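S.K.: If it helps, the file is called start_36.tsv and holds TSV, C-alpha atoms:
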```tsv
chain	number	residue	atom	x	y	z
S	1462	LEU	CA	-66.59	76.72	10.41
S	1463	PHE	CA	-63.31	77.34	8.59
S	1464	ALA	CA	-64.18	81.04	8.21
S	1465	PHE	CA	-64.98	81.27	11.92
S	1466	LEU	CA	-61.70	79.59	12.91
S	1467	SER	CA	-59.75	81.95	10.63
S	1468	PHE	CA	-60.53	84.82	13.03
S	1469	PHE	CA	-58.31	83.09	15.61
S	1470	GLY	CA	-55.39	82.40	13.27
S	1471	PRO	CA	-52.35	84.58	12.48
S	1472	GLU	CA	-54.45	86.69	10.08
S	1473	GLY	CA	-56.93	87.40	12.91
S	1474	ILE	CA	-56.29	87.81	16.64
S	1475	GLY	CA	-53.33	85.39	16.56
S	1476	ALA	CA	-54.57	83.20	19.40
S	1477	GLY	CA	-51.87	80.57	18.88
S	1478	GLY	CA	-52.09	77.02	20.17
S	1479	SER	CA	-54.18	74.33	18.53
S	1480	PHE	CA	-57.66	72.85	18.62
S	1481	LEU	CA	-58.00	69.21	17.54
S	1482	SER	CA	-56.06	69.15	14.23
S	1483	VAL	CA	-56.24	72.93	13.67
S	1484	ASP	CA	-53.01	74.80	14.41
S	1485	PHE	CA	-53.81	78.47	15.04
S	1486	GLY	CA	-50.15	79.36	14.72
S	1487	VAL	CA	-49.99	78.36	11.04
S	1488	SER	CA	-50.90	80.87	8.35
S	1489	GLY	CA	-54.01	79.67	6.52
S	1490	LEU	CA	-54.74	77.20	9.37
S	1491	THR	CA	-54.81	73.63	8.10
S	1492	LEU	CA	-54.35	74.62	4.44
S	1493	GLY	CA	-50.77	75.83	4.82
S	1494	ASN	CA	-50.92	79.41	3.57
S	1495	PRO	CA	-53.54	82.16	3.10
S	1496	THR	CA	-53.58	81.82	-0.70
S	1497	PHE	CA	-54.79	78.21	-0.55
S	1498	ALA	CA	-57.17	79.04	2.30
S	1499	GLY	CA	-58.62	81.99	0.39
S	1500	ALA	CA	-59.19	79.91	-2.76
S	1501	TYR	CA	-61.07	77.33	-0.70
S	1502	LEU	CA	-63.09	79.96	1.14
S	1503	LEU	CA	-64.16	81.75	-2.07
S	1504	LEU	CA	-65.60	78.56	-3.53
S	1505	GLY	CA	-67.31	77.84	-0.21
S	1506	PHE	CA	-68.72	81.39	-0.19
S	1507	ILE	CA	-70.32	80.95	-3.63
S	1508	LEU	CA	-71.73	77.51	-2.76
S	1509	THR	CA	-73.18	78.97	0.43
S	1510	LEU	CA	-74.78	81.76	-1.61
S	1511	VAL	CA	-76.42	79.13	-3.81
S	1512	GLU	CA	-77.89	77.35	-0.79
S	1513	TRP	CA	-78.95	80.63	0.84
S	1514	PHE	CA	-80.95	81.73	-2.21
S	1515	ARG	CA	-82.45	78.23	-2.58
S	1516	SER	CA	-83.66	78.02	1.03
S	1517	GLU	CA	-87.11	79.22	2.04
S	1518	PRO	CA	-87.38	82.69	3.66
S	1519	GLY	CA	-87.68	82.72	7.43
S	1520	THR	CA	-86.48	79.16	7.88
S	1521	LYS	CA	-83.78	78.14	10.33
S	1522	ALA	CA	-81.57	76.98	7.46
S	1523	LYS	CA	-81.80	80.42	5.84
S	1524	LYS	CA	-80.69	82.13	9.06
S	1525	ILE	CA	-77.78	79.74	9.65
S	1526	LEU	CA	-76.61	80.16	6.05
S	1527	GLY	CA	-76.90	83.94	6.43
S	1528	VAL	CA	-74.59	83.89	9.45
S	1529	ALA	CA	-72.19	81.65	7.53
S	1530	LEU	CA	-72.11	84.11	4.62
S	1531	VAL	CA	-71.27	87.01	6.94
S	1532	LEU	CA	-68.46	85.02	8.61
S	1533	GLN	CA	-67.06	83.99	5.24
S	1534	PHE	CA	-67.13	87.44	3.68
S	1535	LEU	CA	-65.68	89.17	6.76
S	1536	SER	CA	-63.01	86.51	7.34
S	1537	PRO	CA	-59.49	87.96	7.81
S	1538	LEU	CA	-58.64	86.13	4.60
S	1539	PHE	CA	-61.00	88.50	2.73
S	1540	VAL	CA	-61.11	91.63	4.92
S	1541	ASN	CA	-57.98	93.02	6.59
S	1542	PHE	CA	-58.34	92.41	10.33
S	1543	ASP	CA	-56.68	95.79	11.01
S	1544	LEU	CA	-59.99	97.36	9.95
S	1545	TRP	CA	-61.63	96.17	13.19
S	1546	LEU	CA	-58.64	97.36	15.23
S	1547	GLY	CA	-58.73	100.83	13.67
S	1548	GLN	CA	-55.20	100.37	12.31
S	1549	LEU	CA	-55.98	99.99	8.61
S	1550	SER	CA	-53.63	101.76	6.20
S	1551	TRP	CA	-55.17	103.18	3.04
S	1552	ALA	CA	-51.82	103.81	1.36
S	1553	SER	CA	-52.35	100.81	-0.91
S	1554	PRO	CA	-55.49	100.29	-3.03
S	1555	PHE	CA	-55.54	96.72	-1.68
S	1556	GLY	CA	-55.26	97.80	1.95
S	1557	LEU	CA	-58.78	96.63	2.75
S	1558	ALA	CA	-58.18	93.18	1.28
S	1559	GLY	CA	-57.29	90.39	3.67
S	1560	SER	CA	-54.29	88.10	3.51
S	1561	ALA	CA	-55.67	86.18	0.48
S	1562	ARG	CA	-55.76	89.23	-1.79
S	1563	ALA	CA	-56.69	87.58	-5.09
S	1564	SER	CA	-59.54	85.65	-3.50
S	1565	ALA	CA	-60.63	88.73	-1.53
S	1566	ALA	CA	-60.80	90.78	-4.73
S	1567	ALA	CA	-62.73	88.00	-6.46
S	1568	ALA	CA	-65.19	87.78	-3.54
S	1569	GLY	CA	-65.78	91.54	-3.68
S	1570	LEU	CA	-66.39	91.38	-7.43
S	1571	VAL	CA	-68.84	88.49	-6.96
S	1572	VAL	CA	-70.87	90.58	-4.53
S	1573	LEU	CA	-70.82	93.63	-6.85
S	1574	TYR	CA	-71.88	91.49	-9.80
S	1575	LEU	CA	-74.80	89.96	-7.88
S	1576	VAL	CA	-75.95	93.34	-6.56
S	1577	GLY	CA	-75.98	94.68	-10.12
S	1578	PHE	CA	-77.84	91.62	-11.37
S	1579	LEU	CA	-80.50	91.96	-8.65
S	1580	LEU	CA	-80.95	95.64	-9.50
S	1581	LEU	CA	-81.41	94.79	-13.17
S	1582	ARG	CA	-83.95	92.12	-12.32
S	1583	HIS	CA	-85.90	94.52	-10.12
S	1584	PHE	CA	-85.87	97.74	-12.14
S	1585	VAL	CA	-85.50	96.78	-15.82
S	1586	PRO	CA	-88.83	96.17	-17.65
S	1587	ALA	CA	-89.67	92.55	-18.44
S	1588	ASN	CA	-89.32	93.00	-22.21
S	1589	TRP	CA	-85.72	94.22	-21.72
S	1590	GLN	CA	-84.64	91.68	-19.13
S	1591	ARG	CA	-82.93	89.27	-21.51
S	1592	GLN	CA	-80.95	91.96	-23.34
S	1593	SER	CA	-79.90	93.73	-20.14
S	1594	ARG	CA	-78.69	90.51	-18.51
S	1595	TRP	CA	-76.58	89.47	-21.49
S	1596	THR	CA	-75.14	92.98	-21.72
S	1597	TRP	CA	-74.29	92.84	-18.00
S	1598	ARG	CA	-72.59	89.47	-18.37
S	1599	ALA	CA	-70.71	90.44	-21.51
S	1600	GLY	CA	-69.47	93.68	-19.95
S	1601	TRP	CA	-68.08	91.86	-16.92
S	1602	ALA	CA	-66.57	89.07	-19.01
S	1603	LEU	CA	-64.77	91.52	-21.31
S	1604	SER	CA	-63.54	93.59	-18.35
S	1605	LEU	CA	-62.10	90.57	-16.53
S	1606	LEU	CA	-60.58	89.20	-19.73
S	1607	THR	CA	-58.94	92.57	-20.40
S	1608	LEU	CA	-57.47	92.69	-16.88
S	1609	ILE	CA	-56.04	89.19	-17.23
S	1610	ILE	CA	-54.52	89.96	-20.63
S	1611	LEU	CA	-52.95	93.16	-19.28
S	1612	LEU	CA	-51.36	91.08	-16.51
S	1613	PHE	CA	-49.17	89.53	-19.22
S	1614	VAL	CA	-48.44	92.77	-21.11
S	1615	PRO	CA	-45.04	94.28	-20.11
S	1616	GLY	CA	-45.34	97.84	-18.86
S	1617	SER	CA	-49.13	97.73	-18.43
S	1618	LEU	CA	-50.66	99.39	-15.36
S	1619	VAL	CA	-52.10	96.07	-14.15
S	1620	ARG	CA	-48.73	94.32	-14.43
S	1621	GLU	CA	-46.87	97.16	-12.68
S	1622	LYS	CA	-49.41	97.22	-9.82
S	1623	TYR	CA	-48.99	93.48	-9.40
S	1624	ILE	CA	-45.21	93.85	-9.21
S	1625	ALA	CA	-45.57	96.64	-6.65
S	1626	GLU	CA	-47.83	94.50	-4.44
S	1627	SER	CA	-45.75	91.32	-4.70
S	1628	SER	CA	-42.53	91.10	-6.73
S	1629	ALA	CA	-41.38	90.49	-10.28
S	1630	ALA	CA	-40.36	86.92	-9.37
S	1631	ARG	CA	-43.73	85.40	-10.29
S	1632	LEU	CA	-43.71	87.20	-13.63
S	1633	LEU	CA	-40.26	85.84	-14.41
S	1634	VAL	CA	-41.58	82.35	-13.64
S	1635	TRP	CA	-44.55	82.96	-15.93
S	1636	ASP	CA	-42.20	84.05	-18.73
S	1637	SER	CA	-40.11	80.90	-18.21
S	1638	GLY	CA	-43.26	78.81	-18.29
S	1639	LEU	CA	-44.47	80.39	-21.52
S	1640	ALA	CA	-41.05	79.79	-23.08
S	1641	ALA	CA	-41.35	76.13	-22.08
S	1642	PHE	CA	-44.85	76.00	-23.59
S	1643	TYR	CA	-43.56	77.37	-26.90
S	1644	GLU	CA	-41.08	74.50	-26.93
S	1645	ARG	CA	-43.80	71.85	-26.51
S	1646	PRO	CA	-47.08	73.55	-27.49
S	1647	THR	CA	-49.27	70.59	-28.41
S	1648	LEU	CA	-49.27	68.21	-25.43
S	1649	GLY	CA	-47.09	70.16	-23.01
S	1650	TRP	CA	-44.59	68.68	-20.57
S	1651	GLY	CA	-47.03	66.40	-18.76
S	1652	LEU	CA	-48.93	66.75	-15.50
S	1653	GLU	CA	-46.89	67.68	-12.42
S	1654	ASN	CA	-43.85	68.37	-14.61
S	1655	PHE	CA	-43.73	72.15	-14.38
S	1656	ARG	CA	-40.50	72.06	-12.36
S	1657	PHE	CA	-38.68	70.37	-15.26
S	1658	ALA	CA	-40.00	72.91	-17.75
S	1659	PHE	CA	-39.03	75.71	-15.37
S	1660	GLU	CA	-35.50	74.37	-14.91
S	1661	SER	CA	-35.06	74.12	-18.68
S	1662	HIS	CA	-35.86	77.82	-19.06
S	1663	PHE	CA	-34.54	79.14	-15.77
S	1664	ASP	CA	-34.14	82.93	-15.47
S	1665	ASN	CA	-31.03	83.93	-13.49
S	1666	ARG	CA	-32.67	87.20	-12.46
S	1667	LEU	CA	-34.52	85.22	-9.80
S	1668	TYR	CA	-31.31	85.30	-7.73
S	1669	LEU	CA	-31.55	89.09	-7.37
S	1670	ASP	CA	-32.59	90.44	-3.96
S	1671	GLU	CA	-35.38	92.47	-5.54
S	1672	ASN	CA	-36.96	89.16	-6.58
S	1673	ILE	CA	-36.78	87.78	-3.01
S	1674	GLY	CA	-34.18	85.20	-4.02
S	1675	GLU	CA	-36.71	82.38	-4.42
S	1676	VAL	CA	-35.41	80.13	-7.20
S	1677	TRP	CA	-37.40	76.88	-6.93
S	1678	PHE	CA	-40.93	76.61	-8.29
S	1679	ASP	CA	-43.03	73.52	-8.94
S	1680	ARG	CA	-45.99	75.63	-10.08
S	1681	ALA	CA	-46.30	78.82	-12.09
S	1682	HIS	CA	-48.96	80.13	-9.68
S	1683	ASN	CA	-51.05	81.04	-12.70
S	1684	VAL	CA	-53.72	78.73	-14.08
S	1685	ILE	CA	-53.11	79.74	-17.70
S	1686	VAL	CA	-49.36	79.14	-17.62
S	1687	ASP	CA	-49.70	75.99	-15.51
S	1688	SER	CA	-52.28	74.51	-17.88
S	1689	LEU	CA	-50.34	75.35	-21.04
S	1690	VAL	CA	-47.09	73.93	-19.65
S	1691	SER	CA	-48.69	70.76	-18.24
S	1692	GLY	CA	-51.19	69.89	-20.97
S	1693	GLY	CA	-50.34	72.09	-23.91
S	1694	ILE	CA	-53.05	73.32	-26.24
S	1695	VAL	CA	-54.81	69.94	-26.17
S	1696	GLY	CA	-55.01	69.63	-22.39
S	1697	THR	CA	-55.96	73.27	-21.87
S	1698	SER	CA	-58.69	73.01	-24.50
S	1699	LEU	CA	-60.11	69.89	-22.85
S	1700	SER	CA	-60.20	71.66	-19.48
S	1701	PHE	CA	-62.02	74.56	-21.10
S	1702	LEU	CA	-64.54	72.17	-22.69
S	1703	VAL	CA	-65.28	70.60	-19.30
S	1704	TRP	CA	-66.20	74.00	-17.87
S	1705	LEU	CA	-68.15	74.88	-21.02
S	1706	SER	CA	-70.14	71.64	-20.69
S	1707	PHE	CA	-70.95	72.51	-17.07
S	1708	LEU	CA	-72.18	75.98	-18.07
S	1709	LEU	CA	-74.31	74.53	-20.89
S	1710	VAL	CA	-75.98	72.14	-18.43
S	1711	ILE	CA	-76.74	75.07	-16.12
S	1712	TYR	CA	-78.12	77.08	-19.05
S	1713	ARG	CA	-80.39	74.22	-20.17
S	1714	ALA	CA	-81.55	73.57	-16.61
S	1715	ARG	CA	-82.53	77.23	-16.23
S	1716	ARG	CA	-84.35	77.21	-19.58
S	1717	GLN	CA	-86.42	74.19	-18.50
S	1718	GLY	CA	-87.17	75.67	-15.09
S	1719	ASN	CA	-85.20	73.11	-13.08
S	1720	ILE	CA	-83.31	75.92	-11.33
S	1721	SER	CA	-84.08	79.60	-10.79
S	1722	ASP	CA	-82.50	82.48	-12.72
S	1723	LEU	CA	-80.59	83.60	-9.65
S	1724	GLU	CA	-79.19	80.15	-8.92
S	1725	ALA	CA	-78.09	79.82	-12.55
S	1726	GLU	CA	-76.35	83.18	-12.31
S	1727	LEU	CA	-74.39	82.02	-9.27
S	1728	TRP	CA	-73.26	78.90	-11.12
S	1729	TYR	CA	-72.18	81.11	-14.04
S	1730	VAL	CA	-70.15	83.19	-11.60
S	1731	LEU	CA	-68.35	80.28	-9.92
S	1732	PRO	CA	-65.95	79.29	-12.76
S	1733	ALA	CA	-65.29	82.94	-13.60
S	1734	ALA	CA	-64.44	83.86	-10.00
S	1735	HIS	CA	-62.31	80.75	-9.57
S	1736	PHE	CA	-60.47	81.45	-12.83
S	1737	LEU	CA	-59.77	84.99	-11.62
S	1738	GLN	CA	-58.32	83.92	-8.26
S	1739	LEU	CA	-56.17	81.26	-9.93
S	1740	GLN	CA	-54.24	83.97	-11.76
S	1741	THR	CA	-51.95	84.01	-8.72
S	1742	SER	CA	-52.54	80.53	-7.30
S	1743	PHE	CA	-53.33	76.93	-8.21
S	1744	ASP	CA	-55.82	74.24	-7.22
S	1745	THR	CA	-55.22	72.04	-4.19
S	1746	VAL	CA	-57.08	69.12	-2.61
S	1747	SER	CA	-59.39	71.52	-0.75
S	1748	THR	CA	-60.51	73.38	-3.89
S	1749	TYR	CA	-60.81	70.18	-5.89
S	1750	ALA	CA	-63.19	68.84	-3.22
S	1751	LEU	CA	-65.55	71.80	-3.62
S	1752	LEU	CA	-65.24	71.76	-7.41
S	1753	GLY	CA	-66.17	68.08	-7.20
S	1754	LEU	CA	-69.40	69.04	-5.42
S	1755	ALA	CA	-70.20	71.53	-8.19
S	1756	ALA	CA	-69.45	68.92	-10.86
S	1757	ALA	CA	-71.63	66.34	-9.08
S	1758	TYR	CA	-74.51	68.82	-9.01
S	1759	GLY	CA	-73.99	69.43	-12.73
S	1760	LEU	CA	-74.24	65.69	-13.40
S	1761	PHE	CA	-77.42	65.55	-11.30
S	1762	LEU	CA	-78.94	68.37	-13.36
S	1763	GLU	CA	-77.92	66.69	-16.61
S	1764	ARG	CA	-79.63	63.48	-15.50
S	1765	SER	CA	-82.78	65.40	-14.54
S	1766	LEU	CA	-82.77	67.12	-17.94
S	1767	PHE	CA	-82.63	63.75	-19.69
S	1768	PHE	CA	-85.67	62.36	-17.88
S	1769	SER	CA	-87.57	65.65	-18.24
S	1770	ALA	CA	-87.02	65.60	-21.99
S	1771	ALA	CA	-88.15	61.95	-22.23
S	1772	VAL	CA	-91.58	62.63	-20.71
S	1773	GLY	CA	-93.15	64.11	-23.84
S	1774	GLU	CA	-91.38	61.91	-26.41
S	1775	SER	CA	-92.84	59.08	-28.47
S	1776	ARG	CA	-92.13	55.47	-27.55
S	1777	GLU	CA	-89.51	55.14	-30.32
S	1778	SER	CA	-87.77	58.35	-29.26
S	1779	ARG	CA	-87.78	57.28	-25.60
S	1780	THR	CA	-86.25	53.93	-26.57
S	1781	ALA	CA	-83.51	55.64	-28.59
S	1782	SER	CA	-82.87	58.11	-25.77
S	1783	LEU	CA	-82.73	55.29	-23.22
S	1784	THR	CA	-80.25	53.39	-25.40
S	1785	THR	CA	-78.06	56.47	-25.62
S	1786	TYR	CA	-78.33	56.94	-21.87
S	1787	ARG	CA	-77.30	53.35	-21.17
S	1788	LEU	CA	-74.40	53.66	-23.63
S	1789	ASN	CA	-73.22	56.81	-21.87
S	1790	ARG	CA	-73.42	55.03	-18.52
S	1791	ALA	CA	-71.39	52.12	-19.87
S	1792	ILE	CA	-68.72	54.46	-21.22
S	1793	GLY	CA	-68.74	56.36	-17.94
S	1794	SER	CA	-68.32	53.13	-15.98
S	1795	ILE	CA	-65.32	52.14	-18.10
S	1796	LEU	CA	-63.75	55.55	-17.58
S	1797	LEU	CA	-64.41	55.29	-13.83
S	1798	VAL	CA	-62.64	51.91	-13.67
S	1799	LEU	CA	-59.69	53.34	-15.58
S	1800	ALA	CA	-59.61	56.33	-13.23
S	1801	LEU	CA	-59.58	54.04	-10.19
S	1802	LEU	CA	-56.76	51.93	-11.64
S	1803	THR	CA	-54.79	55.06	-12.44
S	1804	GLY	CA	-55.57	56.44	-9.00
S	1805	TRP	CA	-53.85	53.44	-7.41
S	1806	PHE	CA	-50.54	54.59	-8.84
S	1807	LEU	CA	-51.06	58.35	-8.72
S	1808	LEU	CA	-52.89	58.65	-5.39
S	1809	ILE	CA	-52.73	55.61	-3.10
S	1810	ARG	CA	-49.12	54.64	-3.73
S	1811	GLU	CA	-48.10	58.29	-3.86
S	1812	TYR	CA	-49.76	58.89	-0.48
S	1813	GLY	CA	-47.52	56.24	1.06
S	1814	ARG	CA	-44.44	57.88	-0.41
S	1815	GLN	CA	-45.46	61.34	0.80
S	1816	ARG	CA	-46.23	59.94	4.25
S	1817	ALA	CA	-42.78	58.37	4.42
S	1818	LEU	CA	-41.17	61.70	3.47
S	1819	HIS	CA	-43.21	63.41	6.16
S	1820	ASN	CA	-42.05	60.90	8.76
S	1821	ILE	CA	-38.41	61.51	7.81
S	1822	PHE	CA	-38.71	65.17	8.78
S	1823	LEU	CA	-40.50	64.30	12.01
S	1824	ALA	CA	-37.90	61.73	13.05
S	1825	GLN	CA	-36.00	62.61	16.22
S	1826	SER	CA	-32.93	60.51	15.50
S	1827	TYR	CA	-30.83	59.30	12.61
S	1828	ASP	CA	-31.96	55.68	13.15
S	1829	GLU	CA	-35.62	56.72	12.87
S	1830	GLN	CA	-34.84	58.58	9.66
S	1831	LEU	CA	-33.18	55.47	8.20
S	1832	GLN	CA	-36.19	53.38	9.16
S	1833	SER	CA	-38.54	55.78	7.40
S	1834	ILE	CA	-36.35	55.80	4.31
```
Once more with this new file: its structure as structure tokens, please.
M.R.:
Amino acid sequence: LFAFLSFFGPEGIGAGGSFLSVDFGVSGLTLGNPTFAGAYLLLGFILTLVEWFRSEPGTKAKKILGVALVLQFLSPLFVNFDLWLGQLSWASPFGLAGSARASAAAAGLVVLYLVGFLLLRHFVPANWQRQSRWTWRAGWALSLLTLIILLFVPGSLVREKYIAESSAARLLVWDSGLAAFYERPTLGWGLENFRFAFESHFDNRLYLDENIGEVWFDRAHNVIVDSLVSGGIVGTSLSFLVWLSFLLVIYRARRQGNISDLEAELWYVLPAAHFLQLQTSFDTVSTYALLGLAAAYGLFLERSLFFSAAVGESRESRTASLTTYRLNRAIGSILLVLALLTGWFLLIREYGRQRALHNIFLAQSYDEQLQSI
């Protein structure tokens, strides 16, 4: 639905007006800007691919999901709408990409990766399947890792192309963020504290016209820099371990036949594609919601793996496994309670504060502003 509505927004035909809570005059519709909208749409695209491959051929669900995939991939956020108007300029290598360029590039790479994987599965002999798949994955992983590293190397082709397509301002912010990380490398500056780290290592070159003159940043717009500044080596490592745990669950589920090879491959792709698009963005509520769905599915698979493994065990082993399972549930329940208590201060109370700030800007008179304050 979001992909369909994006055709009527500023990136599409520019219909203007509003429908329910959707403002067609705002870039990125309800998500504020095309970068956030593209990040959300890419995750939705991969999740839709998972459901499309899981559904039975010829069913109504398969057809509906197929239409959804086409709308998502051809959204003006991914594909430049000028292509359909015959006004597309090929002067830039990213001319075909829509308004959310990083997400558009990631979506294109996801499709290329899957096409290659399907060709390998179809044409490579069975006794070479395992080796060919790992070679395919390793080749893509090394290529993407090289591109990301070159993004931080001064004078590299990747870095210069990025500057040409945007500006050097983001790179100056990244450098300031890394300088702040070097100051506090272990635990970082704390969550949501990037602006303080940035101010402590502010680069005056941001005032130059060539850098657009934007001098205030509360995010680095790069997941690596943001993570290192906020959580340091410890926090970044823990985030990495969470994703690694998710991938291990997917791997074990595929080995036991709980999910198909193709579905597992899509789940392998999701964190890689999201990591790639976050090189120029950051997570928001919309992306966290979809990542939460992926995490919930991972927990479901982990639970199914536990009960599958317990079927063939002896009575003593099943008892020990059940004890471990109950202990894990108890620990999880304690962590959930702590998360809810913390959420009261970080989410519920903060929502009231943000709502009050929002009302201040909407106030029509000074008296209304004072009341909101």
S.K.: Compare S:Pro1615, S:Ser1698, S:Gly1600, S:Ile1525 by their minimum atom-to-atom distance to Gly1577 of chain S, counting only C-alpha atoms, and give me the closest one.
M.R.: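 So, comparing all the options, the nearest one is S:Gly1600.
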S.K.: From the list S:Leu1611, S:Ile1624, S:Ala1558, S:Leu1723, which residue is nearest Leu1579 of chain S when using all atoms listed in the file?
M.R.: S:Leu1723
S.K.: With all atoms listed in the file as the basis for distance, which of S:Val1730, S:Leu1754, S:Leu1797, S:Leu1639 is at the shortest distance from Leu1605 of chain S?
M.R.: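 Nearest candidate to Leu1605 of chain S out of S:Val1730, S:Leu1754, S:Leu1797, S:Leu1639: S:Val1730.
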S.K.: What is the distance between atom CA of Ala1565 of chain S and atom CA of Tyr1623 of chain S, in Å to one decimal?
M.R.: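 One can read the atom CA of Ala1565 of chain S to atom CA of Tyr1623 of chain S distance as 14.8 Å.
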S.K.: Mind checking which residues fall within 9 Å of Leu1727 of chain S, counting all atoms listed in the file, ignoring those fewer than 5 positions away in the same chain, and posting them as an MDAnalysis selection string?
M.R.: chainID S and resid 1507:1508 1510:1511 1571 1575 1722
S.K.: Just how far from atom CA of Ser1536 of chain S is atom CA of Val1483 of chain S, in Å to one decimal?
M.R.: 16.4 Å
S.K.: Rounded to one decimal place, report the atom CA of Ala1658 of chain S-atom CA of Gln1740 of chain S distance in Å.
M.R.: 19.0 Å
S.K.: Here is a test: counting only C-alpha atoms, which residue of S:Asp1664, S:Asp1744, S:Glu1626, S:Asp1828 is nearest to Ala1498 of chain S?
M.R.: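 Answer, going by the shortest atom-to-atom distance: S:Asp1744.
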S.K.: Could you work out an axis-aligned bounding box for all listed atoms of segment 1613-1627 of chain S, with 5 Å added on each of the six sides, and give its centre and edge lengths in Å to one decimal, as lines of an AutoDock Vina configuration file?
M.R.:
```
center_x = -48.6
center_y = 94.5
center_z = -12.8
size_x = 17.1
size_y = 19.9
size_z = 26.7
```
S.K.: For Ser1706 of chain S, which residue among S:Leu1546, S:Ala1756, S:Val1487, S:Leu1831 is the nearest when counting all atoms listed in the file?
M.R.: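 Smallest distance to Ser1706 of chain S is found for S:Ala1756.
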S.K.: Contacts of Leu1580 of chain S at 12 Å or less, counting only C-alpha atoms, minus same-chain residues fewer than 4 places along, as number ranges by chain?
M.R.: S: 1573-1576, 1584-1586, 1590, 1593-1594, 1597
S.K.: Between S:Ala1629, S:Leu1504, S:Glu1726, S:Leu1492, single out the one closest to Arg1582 of chain S, counting only C-alpha atoms.
M.R.: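 Smallest distance to Arg1582 of chain S is found for S:Glu1726.
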S.K.: Place a sphere of radius 12 Å on (-59.4, 74.1, 16.8) in the file coordinates and name every protein, DNA or RNA residue with an atom inside or on its surface, counting all atoms listed in the file; give the answer as a PyMOL selection string.
M.R.: chain S and resi 1462-1463+1465-1470+1476-1487+1490-1491
